[in-house]
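Asker: Quick one, start-v4.cif (mmCIF, C-alpha atoms):
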data_protein
loop_
_atom_site.label_atom_id
_atom_site.label_comp_id
_atom_site.auth_asym_id
_atom_site.auth_seq_id
_atom_site.Cartn_x
_atom_site.Cartn_y
_atom_site.Cartn_z
CA MET A 1 57.79 124.67 -38.07
CA THR A 2 57.30 122.91 -34.73
CA LEU A 3 54.29 123.84 -32.63
CA SER A 4 54.69 124.53 -28.93
CA ARG A 5 52.61 122.42 -26.57
CA ALA A 6 50.26 125.34 -25.95
CA GLU A 7 49.75 125.82 -29.69
CA LEU A 8 49.26 122.09 -30.20
CA GLY A 9 46.71 122.09 -27.38
CA LEU A 10 44.72 124.85 -29.05
CA VAL A 11 44.82 123.00 -32.39
CA LEU A 12 43.60 119.76 -30.78
CA VAL A 13 40.79 121.57 -28.94
CA ALA A 14 39.71 123.34 -32.13
CA ALA A 15 39.67 120.02 -34.00
CA ALA A 16 37.66 118.28 -31.27
CA GLY A 17 35.19 121.17 -31.01
CA SER A 18 34.63 121.32 -34.75
CA ALA A 19 33.59 117.65 -34.73
CA THR A 20 30.09 118.86 -33.85
CA GLY A 21 30.05 120.15 -37.42
CA LEU A 22 30.64 116.61 -38.71
CA GLY A 23 27.52 115.39 -36.96
CA ALA A 24 25.55 118.44 -38.01
CA ALA A 25 26.56 118.04 -41.65
CA VAL A 26 24.10 115.15 -42.09
CA VAL A 27 21.32 117.71 -42.53
CA PHE A 28 22.74 118.50 -45.97
CA SER A 29 21.78 115.00 -47.12
CA GLU A 30 18.24 113.69 -46.61
CA ARG A 31 19.58 110.18 -47.07
CA LEU A 32 22.08 110.59 -44.21
CA VAL A 33 19.38 112.03 -41.96
CA GLN A 34 17.34 108.89 -42.57
CA LEU A 35 20.35 106.67 -41.76
CA ALA A 36 20.73 108.15 -38.26
CA SER A 37 20.18 105.38 -35.72
CA LYS A 38 20.05 104.98 -31.96
CA LYS A 39 22.52 102.08 -32.10
CA PHE A 40 25.15 104.25 -33.79
CA LEU A 41 24.72 107.03 -31.23
CA ALA A 42 24.86 104.55 -28.33
CA GLY A 43 28.07 103.03 -29.67
CA ALA A 44 29.73 106.40 -30.25
CA LEU A 45 28.85 107.66 -26.76
CA GLY A 46 29.98 104.39 -25.15
CA LEU A 47 33.29 104.38 -27.03
CA SER A 48 33.99 107.95 -25.99
CA ALA A 49 33.06 107.20 -22.37
CA GLY A 50 35.46 104.25 -22.29
CA VAL A 51 38.37 106.35 -23.53
CA MET A 52 37.63 109.19 -21.11
CA LEU A 53 37.14 106.94 -18.07
CA TYR A 54 40.35 105.02 -18.70
CA VAL A 55 42.53 108.07 -19.26
CA SER A 56 41.00 109.86 -16.25
CA PHE A 57 41.72 107.07 -13.76
CA VAL A 58 44.93 105.64 -15.21
CA GLU A 59 46.71 108.74 -16.48
CA ILE A 60 45.21 112.04 -15.32
CA LEU A 61 44.69 111.10 -11.66
CA VAL A 62 48.25 109.75 -11.48
CA LYS A 63 49.60 112.98 -12.95
CA SER A 64 47.64 114.94 -10.36
CA GLN A 65 49.27 112.93 -7.58
CA GLU A 66 52.72 113.45 -9.15
CA GLY A 67 52.09 117.18 -9.29
CA PHE A 68 51.25 117.36 -5.59
CA MET A 69 54.33 115.28 -4.72
CA ALA A 70 56.63 117.41 -6.87
CA SER A 71 55.39 120.58 -5.16
CA SER A 72 57.39 119.51 -2.05
CA ALA A 73 54.42 120.69 -0.01
CA MET A 74 53.37 117.16 0.92
CA GLY A 75 54.49 113.56 1.04
CA GLU A 76 53.20 110.58 -0.93
CA SER A 77 50.21 109.87 1.32
CA ASP A 78 49.17 113.50 1.50
CA ALA A 79 49.61 113.85 -2.26
CA TYR A 80 47.29 110.89 -2.82
CA MET A 81 44.67 112.44 -0.53
CA ALA A 82 45.01 115.83 -2.24
CA ALA A 83 44.66 114.28 -5.71
CA THR A 84 41.59 112.38 -4.57
CA GLY A 85 40.09 115.56 -3.14
CA ALA A 86 40.75 117.44 -6.40
CA LEU A 87 39.13 114.59 -8.36
CA PHE A 88 35.91 114.79 -6.36
CA ALA A 89 36.02 118.58 -6.48
CA GLY A 90 36.00 118.31 -10.27
CA MET A 91 33.03 115.95 -10.11
CA LEU A 92 31.20 118.36 -7.80
CA PHE A 93 31.93 121.24 -10.18
CA MET A 94 30.39 119.33 -13.10
CA ALA A 95 27.36 118.40 -10.99
CA ALA A 96 26.84 122.09 -10.18
CA LEU A 97 27.26 122.95 -13.86
CA ASP A 98 24.62 120.38 -14.73
CA VAL A 99 22.19 121.98 -12.28
CA LEU A 100 22.83 125.34 -13.97
CA VAL A 101 22.17 123.86 -17.41
CA HIS A 102 18.82 122.43 -16.38
CA ARG A 103 17.79 125.62 -14.61
CA LEU A 104 18.32 127.45 -17.88
CA ASP A 105 15.73 125.12 -19.40
CA PRO A 106 13.24 124.24 -16.62
CA ASN A 107 10.89 122.60 -19.15
CA ARG A 108 13.54 120.24 -20.47
CA ALA A 109 11.79 117.29 -18.76
CA ALA A 110 8.84 117.92 -21.06
CA HIS A 111 11.09 116.94 -23.97
CA ALA A 112 11.23 113.37 -22.68
CA ALA A 113 10.18 110.57 -24.99
CA SER A 114 6.47 110.08 -25.55
CA ASP A 115 6.88 106.48 -24.42
CA PRO A 116 9.52 106.33 -21.64
CA ALA A 117 9.09 102.55 -21.45
CA LYS A 118 11.03 102.32 -24.71
CA TYR A 119 14.12 103.45 -22.85
CA ILE A 120 13.89 102.54 -19.17
CA ALA A 121 12.35 99.70 -17.26
CA ASP A 122 10.35 101.79 -14.81
CA GLU A 123 8.01 104.63 -15.51
CA ALA A 124 9.85 107.93 -15.73
CA PRO A 125 9.03 110.44 -12.96
CA PRO A 126 7.39 113.73 -13.96
CA ASN A 127 10.68 115.64 -13.74
CA ALA A 128 12.89 112.99 -15.27
CA HIS A 129 16.42 114.10 -16.09
CA VAL A 130 16.81 114.49 -19.85
CA HIS A 131 20.42 114.49 -20.96
CA CYS A 132 22.01 117.01 -23.29
CA HIS A 133 22.97 114.28 -25.75
CA GLU A 134 19.44 112.92 -25.96
CA ILE A 135 17.32 113.34 -29.08
CA ASP A 136 13.57 113.86 -28.59
CA GLU A 137 11.30 110.97 -29.56
CA ALA A 138 9.46 113.27 -31.98
CA VAL A 139 12.70 113.50 -33.97
CA TRP A 140 13.07 109.72 -34.11
CA ASP A 141 9.42 109.47 -35.18
CA GLU A 142 10.08 111.92 -38.00
CA ILE A 143 13.21 110.05 -39.12
CA ALA A 144 11.25 106.78 -39.14
CA ARG A 145 8.43 108.42 -41.10
CA ARG A 146 10.84 109.68 -43.73
CA LYS A 147 12.43 106.25 -44.04
CA ASN A 148 9.09 104.52 -44.54
CA SER A 149 7.32 107.13 -46.65
CA PRO A 150 7.76 107.44 -50.42
CA PRO A 151 8.61 110.90 -51.83
CA ARG A 152 5.58 113.14 -51.67
CA GLY A 153 4.70 116.67 -52.60
CA ALA A 154 5.15 119.54 -50.25
CA GLY A 155 1.37 119.78 -49.88
CA ALA A 156 0.94 116.25 -48.54
CA PRO A 157 -0.20 116.03 -44.93
CA MET A 158 2.16 114.77 -42.25
CA PRO A 159 0.96 112.48 -39.45
CA ALA A 160 0.43 114.55 -36.34
CA GLU A 161 2.18 112.04 -34.10
CA ALA A 162 5.44 112.56 -36.03
CA ALA A 163 5.87 115.96 -34.45
CA GLY A 164 4.04 115.20 -31.23
CA ASP A 165 1.62 118.05 -31.80
CA ALA A 166 -1.48 117.84 -34.00
CA GLU A 167 -1.56 121.61 -34.46
CA ALA A 168 2.06 121.68 -35.61
CA ALA A 169 1.90 118.72 -37.99
CA ARG A 170 1.94 120.28 -41.44
CA ALA A 171 3.62 119.62 -44.79
CA PRO A 172 6.82 117.54 -44.53
CA LEU A 173 10.05 118.02 -46.37
CA GLU A 174 10.20 116.20 -49.66
CA VAL A 175 12.76 113.42 -49.73
CA ASP A 176 14.16 115.10 -52.83
CA GLU A 177 17.57 116.60 -52.03
CA SER A 178 16.63 119.87 -53.71
CA THR A 179 13.82 120.53 -51.27
CA LYS A 180 14.34 123.72 -49.27
CA GLY A 181 12.30 125.72 -46.82
CA ALA A 182 9.78 122.99 -45.90
CA SER A 183 9.54 121.88 -42.28
CA THR A 184 7.46 120.09 -39.70
CA SER A 185 6.43 123.56 -38.45
CA ASP A 186 6.97 122.47 -34.85
CA PRO A 187 8.58 125.38 -32.95
CA ARG A 188 9.07 123.09 -29.96
CA LEU A 189 11.71 121.16 -31.91
CA ALA A 190 13.54 124.37 -32.84
CA ASP A 191 13.53 125.52 -29.20
CA MET A 192 14.75 122.10 -28.10
CA GLY A 193 17.62 122.16 -30.59
CA MET A 194 18.73 125.63 -29.53
CA MET A 195 18.53 124.83 -25.81
CA THR A 196 20.47 121.63 -26.47
CA ALA A 197 23.12 123.71 -28.22
CA LEU A 198 23.36 126.00 -25.18
CA ALA A 199 23.52 123.07 -22.74
CA ILE A 200 26.15 121.24 -24.78
CA GLY A 201 28.14 124.46 -25.15
CA ILE A 202 28.28 124.86 -21.36
CA HIS A 203 29.30 121.22 -20.92
CA ASN A 204 31.96 121.55 -23.64
CA PHE A 205 33.71 124.41 -21.85
CA PRO A 206 35.53 122.18 -19.28
CA GLU A 207 36.25 119.61 -22.01
CA GLY A 208 38.28 122.21 -23.90
CA LEU A 209 40.12 123.13 -20.71
CA ALA A 210 40.82 119.45 -19.99
CA THR A 211 42.25 118.76 -23.44
CA PHE A 212 44.42 121.86 -23.35
CA VAL A 213 45.82 121.16 -19.88
CA ALA A 214 46.49 117.51 -20.74
CA THR A 215 48.38 118.53 -23.88
CA LEU A 216 50.56 120.97 -21.93
CA ASP A 217 51.92 118.06 -19.91
CA ASP A 218 51.73 115.16 -22.36
CA PRO A 219 50.71 115.65 -26.00
CA ALA A 220 49.92 111.92 -26.30
CA VAL A 221 47.33 112.12 -23.54
CA GLY A 222 45.97 115.39 -24.93
CA ALA A 223 45.59 113.89 -28.39
CA SER A 224 43.82 110.79 -27.02
CA LEU A 225 41.46 112.95 -24.99
CA ALA A 226 40.78 115.16 -28.02
CA ILE A 227 39.87 112.09 -30.08
CA ALA A 228 37.49 110.84 -27.38
CA ILE A 229 35.81 114.23 -27.15
CA ALA A 230 35.58 114.50 -30.93
CA ILE A 231 33.86 111.08 -31.06
CA HIS A 232 31.05 112.16 -28.75
CA ASN A 233 30.88 115.63 -30.31
CA ILE A 234 29.64 114.00 -33.53
CA PRO A 235 26.36 112.79 -31.97
CA GLU A 236 26.14 116.12 -30.14
CA GLY A 237 26.04 117.80 -33.54
CA LEU A 238 23.17 115.50 -34.51
CA CYS A 239 21.28 116.31 -31.31
CA VAL A 240 21.41 120.03 -32.09
CA SER A 241 21.03 120.14 -35.86
CA ILE A 242 18.33 117.59 -36.68
CA PRO A 243 15.56 119.08 -34.45
CA ILE A 244 16.28 122.57 -35.80
CA TYR A 245 16.34 121.27 -39.38
CA PHE A 246 13.02 119.45 -38.98
CA ALA A 247 11.43 122.52 -37.37
CA THR A 248 12.70 125.16 -39.79
CA GLY A 249 13.78 123.36 -42.96
CA ASP A 250 16.90 125.57 -42.88
CA ARG A 251 19.99 123.38 -43.22
CA TRP A 252 22.51 126.17 -42.67
CA LYS A 253 20.79 127.45 -39.54
CA ALA A 254 20.84 123.93 -38.08
CA PHE A 255 24.52 123.53 -39.00
CA ARG A 256 25.53 126.91 -37.53
CA TRP A 257 23.86 126.22 -34.18
CA ALA A 258 25.56 122.84 -33.89
CA LEU A 259 28.96 124.25 -34.81
CA LEU A 260 28.49 127.09 -32.33
CA SER A 261 28.00 124.59 -29.49
CA GLY A 262 31.55 123.33 -30.09
CA VAL A 263 33.15 126.79 -30.00
CA SER A 264 32.95 126.85 -26.19
CA GLU A 265 35.70 124.21 -26.09
CA ILE A 266 38.07 126.68 -27.73
CA VAL A 267 36.98 129.34 -25.23
CA GLY A 268 37.76 126.93 -22.37
CA ALA A 269 41.22 126.25 -23.79
CA LEU A 270 41.96 129.95 -24.25
CA LEU A 271 40.89 130.68 -20.68
CA GLY A 272 43.17 127.90 -19.45
CA TRP A 273 46.05 129.36 -21.44
CA VAL A 274 45.49 132.87 -20.08
CA ILE A 275 45.28 131.67 -16.47
CA LEU A 276 48.02 129.06 -16.52
CA LYS A 277 50.67 130.38 -18.92
CA ASP A 278 52.61 132.28 -16.21
CA HIS A 279 51.50 130.44 -13.07
CA PHE A 280 51.66 126.73 -13.86
CA ASP A 281 53.64 125.45 -10.86
CA ASN A 282 53.52 121.88 -9.54
CA LEU A 283 50.86 122.54 -6.91
CA LEU A 284 48.50 124.14 -9.43
CA TYR A 285 49.37 121.32 -11.83
CA GLY A 286 48.13 118.77 -9.28
CA ILE A 287 44.93 120.69 -8.56
CA VAL A 288 44.05 121.25 -12.23
CA PHE A 289 44.75 117.68 -13.31
CA GLY A 290 42.75 116.25 -10.40
CA MET A 291 39.77 118.46 -11.21
CA VAL A 292 40.04 117.72 -14.94
CA GLY A 293 39.93 113.99 -14.20
CA GLY A 294 36.86 114.45 -12.00
CA MET A 295 35.09 116.53 -14.65
CA MET A 296 35.74 113.92 -17.33
CA ILE A 297 34.49 111.11 -15.09
CA MET A 298 31.32 113.04 -14.22
CA ILE A 299 30.59 113.74 -17.88
CA CYS A 300 30.82 109.99 -18.55
CA LEU A 301 28.73 108.90 -15.55
CA ASN A 302 26.12 111.64 -15.72
CA GLU A 303 25.73 112.18 -19.47
CA LEU A 304 27.43 109.81 -21.89
CA ILE A 305 26.68 106.40 -20.36
CA PRO A 306 23.05 107.08 -19.26
CA THR A 307 22.23 108.53 -22.68
CA ALA A 308 23.89 105.60 -24.44
CA HIS A 309 21.74 103.20 -22.39
CA ARG A 310 18.60 105.14 -23.29
CA TYR A 311 19.45 104.65 -26.95
CA ASP A 312 20.33 100.99 -26.34
CA PRO A 313 18.18 99.71 -23.42
CA ALA A 314 18.97 96.07 -24.26
CA ASP A 315 22.70 96.88 -23.94
CA LYS A 316 23.63 95.33 -27.26
CA VAL A 317 26.46 97.77 -27.93
CA VAL A 318 26.97 100.09 -24.91
CA THR A 319 29.07 97.88 -22.63
CA LYS A 320 31.06 96.50 -25.55
CA SER A 321 31.79 100.00 -26.84
CA ILE A 322 32.87 101.21 -23.38
CA VAL A 323 35.30 98.30 -23.06
CA ALA A 324 36.48 98.90 -26.63
CA GLY A 325 37.14 102.56 -25.81
CA MET A 326 39.19 101.56 -22.77
CA ALA A 327 41.14 99.05 -24.86
CA VAL A 328 41.88 101.65 -27.54
CA MET A 329 43.08 104.12 -24.91
CA ALA A 330 45.21 101.49 -23.18
CA ALA A 331 46.76 100.38 -26.48
CA SER A 332 47.58 103.94 -27.50
CA LEU A 333 49.26 104.69 -24.17
CA CYS A 334 51.25 101.45 -24.38
CA LEU A 335 52.41 102.39 -27.87
CA PHE A 336 53.65 105.75 -26.60
CA VAL A 337 55.47 104.05 -23.72
CA TYR A 338 57.20 101.44 -25.86
CA GLY A 339 57.32 103.39 -29.12
#
Here is a file; write its structure as C-alpha cells.
Answerer:
Amino acid sequence: MTLSRAELGLVLVAAAGSATGLGAAVVFSERLVQLASKKFLAGALGLSAGVMLYVSFVEILVKSQEGFMASSAMGESDAYMAATGALFAGMLFMAALDVLVHRLDPNRAAHAASDPAKYIADEAPPNAHVHCHEIDEAVWDEIARRKNSPPRGAGAPMPAEAAGDAEAARAPLEVDESTKGASTSDPRLADMGMMTALAIGIHNFPEGLATFVATLDDPAVGASLAIAIAIHNIPEGLCVSIPIYFATGDRWKAFRWALLSGVSEIVGALLGWVILKDHFDNLLYGIVFGMVGGMMIMICLNELIPTAHRYDPADKVVTKSIVAGMAVMAASLCLFVYG
C-alpha cells in the first residue's frame, strides 16, 4: 500500500516528535544518565541547526519564490520580494512565540547556571535569556556527583550544592538500577522540567507544521527536515526528563512529560492538514513555505545555536557540527537530484 503525501507527512512528523522519547529513555538506565555530556548535546544541536539552516535557505525559500511566481499574481522580482517578506514574517512569528513562552515562565532566568562564566565570556545580566534546550547547572552537578560517587545507601546525605538548595538536598538515588522512588527532593527541578516541556511543546508546534508542509511538496525535503528535527528532539527529551527524574525519582513520570512535549508536532501537522487540504493554491503555497523557512531559521538562531555554544563555549564541536549538518543536507539533496 502506497501512502499519500499527506499520510507520509503525518508519519514523518509522528516519528520526529517521538524522538523526544529516545532522549527521555535514558532515565531508565542510571548508567546512561551518567553518560550524558554537554559535548554530545552541543554536537546534536549544532548538527540539527546545520541541516535546518541549509534546507531553509537553499530549498524552502526557493520553493516559496516558485509558489509566488506560479500564482501568476506577480513577476519574478515581485515573487522574490514576497518570498523574502514571508521569510521574515515567519521569523517574527517565532520571536513572538518565544516571548509568549518566557511570559509563561517569568522566573525562567532564575534557572540560569550557578556560574554563568562557565558558559559565556561576560557576566550574565539578571534577566538572562535561558533557552528551552538548556539543562540547569544543578542537573549537571548531580550527574557529575553520580559519576564520581560510589554506590551508597538511600540514607546517605547528598551534598547541598548538587541540587542548589541546602534545604532540598536529601538522600540521593542509589546507583543500583533497581532503586526506585528516591530523589534529590528538589521541587525546583521538577517545576523546571515541566515548564521546559511546555516551552518545548509550544516551539515544536511550528516544527510539525513545517515538516508536514514540506512533505506535501517534496517528500525528500520533508524527510530531511524530519530527521533534523528528530536529532534535536533527542536532547530536548533529556532536558525535560532528567530534571523531573532527579526531583521525583519517578522514571515513568519523567518519560511521559518528555514524550508529551513532542506530541505538539503532530498537532501542528494535523492543523496544517485541516487548513490546507482544500485550499492549497500556489499563492498560499508561497506564503506558507516562506514562513516555514523563517520559523526554522529563527529556531536555529535563537535556540539551537546559542544553546549549543553554552554547552561548548570553547567551540570544539559546535561549528564543525553545523557545517557537518549542512554537508549532510546538501549531499542528500544532491542524491535525490541525481538519483
Asker: Just want the 9 Å neighbourhood of Leu61 in chain A, counted on only C-alpha atoms, with same-chain residues fewer than 4 positions away dropped. Output as number ranges by chain.
Answerer: A: 55-57, 65-66, 83-84, 87, 286, 289-294
Asker: Show which residues sit within 9 Å of Ala210 in chain A, as a PyMOL selection string. Count all atoms listed in the file, and ignore same-chain residues fewer than 3 positions away.
Answerer: chain A and resi 205-207+213-215+222+225+268-269+272+288-289+291-293+295-296
Asker: Do you know which residues are at most 8 Å from Gly325 in chain A counting only C-alpha atoms, after dropping those on the same chain fewer than 2 positions away, and could you put them as a ChimeraX atom specification?
Answerer: /A:46-51,321-323,327-329
Asker: Just so the selection is clear, what residues does the PyMOL selection byres ((chain A and resi 24-28) around 8) cover here, as a PDB file with C-alpha atoms, in the frame of the given file?
Answerer:
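Generated output (selection.pdb):
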ATOM      1  CA  THR A  20      30.090 118.860 -33.850  1.00  0.00           C
ATOM      2  CA  GLY A  21      30.050 120.150 -37.420  1.00  0.00           C
ATOM      3  CA  LEU A  22      30.640 116.610 -38.710  1.00  0.00           C
ATOM      4  CA  GLY A  23      27.520 115.390 -36.960  1.00  0.00           C
ATOM      5  CA  SER A  29      21.780 115.000 -47.120  1.00  0.00           C
ATOM      6  CA  GLU A  30      18.240 113.690 -46.610  1.00  0.00           C
ATOM      7  CA  LEU A  32      22.080 110.590 -44.210  1.00  0.00           C
ATOM      8  CA  VAL A  33      19.380 112.030 -41.960  1.00  0.00           C
ATOM      9  CA  ILE A 234      29.640 114.000 -33.530  1.00  0.00           C
ATOM     10  CA  GLY A 237      26.040 117.800 -33.540  1.00  0.00           C
ATOM     11  CA  LEU A 238      23.170 115.500 -34.510  1.00  0.00           C
ATOM     12  CA  VAL A 240      21.410 120.030 -32.090  1.00  0.00           C
ATOM     13  CA  SER A 241      21.030 120.140 -35.860  1.00  0.00           C
ATOM     14  CA  ILE A 242      18.330 117.590 -36.680  1.00  0.00           C
ATOM     15  CA  TYR A 245      16.340 121.270 -39.380  1.00  0.00           C
ATOM     16  CA  ARG A 251      19.990 123.380 -43.220  1.00  0.00           C
ATOM     17  CA  ALA A 254      20.840 123.930 -38.080  1.00  0.00           C
ATOM     18  CA  PHE A 255      24.520 123.530 -39.000  1.00  0.00           C
ATOM     19  CA  ALA A 258      25.560 122.840 -33.890  1.00  0.00           C
ATOM     20  CA  LEU A 259      28.960 124.250 -34.810  1.00  0.00           C
TER      21      LEU A 259
END
Asker: Which of these residues is nearest to Ala79 in chain A, using all atoms listed in the file: A:Thr211, A:Lys277, A:Ile287, A:Ala330?
Answerer: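 Checking each of A:Thr211, A:Lys277, A:Ile287, A:Ala330 against Ala79 in chain A, counting all atoms listed in the file, the winner is A:Ile287.
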Asker: Nearest to Ala95 in chain A: which of A:His309, A:Arg5, A:His203, A:Lys38 is it, counting only C-alpha atoms?
Answerer: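 Of A:His309, A:Arg5, A:His203, A:Lys38, the one nearest Ala95 in chain A, counting only C-alpha atoms, is A:His203.
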Asker: Can you measure CA of Phe93 in chain A to CA of Met298 in chain A for me? One decimal in Å is fine.
Answerer: 9.2 Å
Asker: Which is closest to Val13 in chain A among A:Ala199, A:Ile229, A:Leu283, A:Ala73, if we use all atoms listed in the file?
Answerer: A:Ile229
Asker: Quote the spacing between CA of Ala42 in chain A and CA of Ala314 in chain A in Å to one decimal place.
Answerer: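 Distance reported for this atom pair: 11.1 Å.
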Asker: Report as AutoDock Vina command-line options the centre and the edge lengths, in Å to one decimal, of the axis-aligned box holding every listed atom of range 8-13 of chain A, padded by 3 Å on each side.
Answerer:
--center_x 45.0 --center_y 122.3 --center_z -29.9 --size_x 14.5 --size_y 11.1 --size_z 11.0
Asker: Between A:Lys39, A:Leu3, A:Asp217, A:Ala96, which has the minimum distance to Lys316 in chain A (counting only C-alpha atoms)?
Answerer: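 Between A:Lys39, A:Leu3, A:Asp217, A:Ala96, the residue approaching Lys316 in chain A most closely is A:Lys39.
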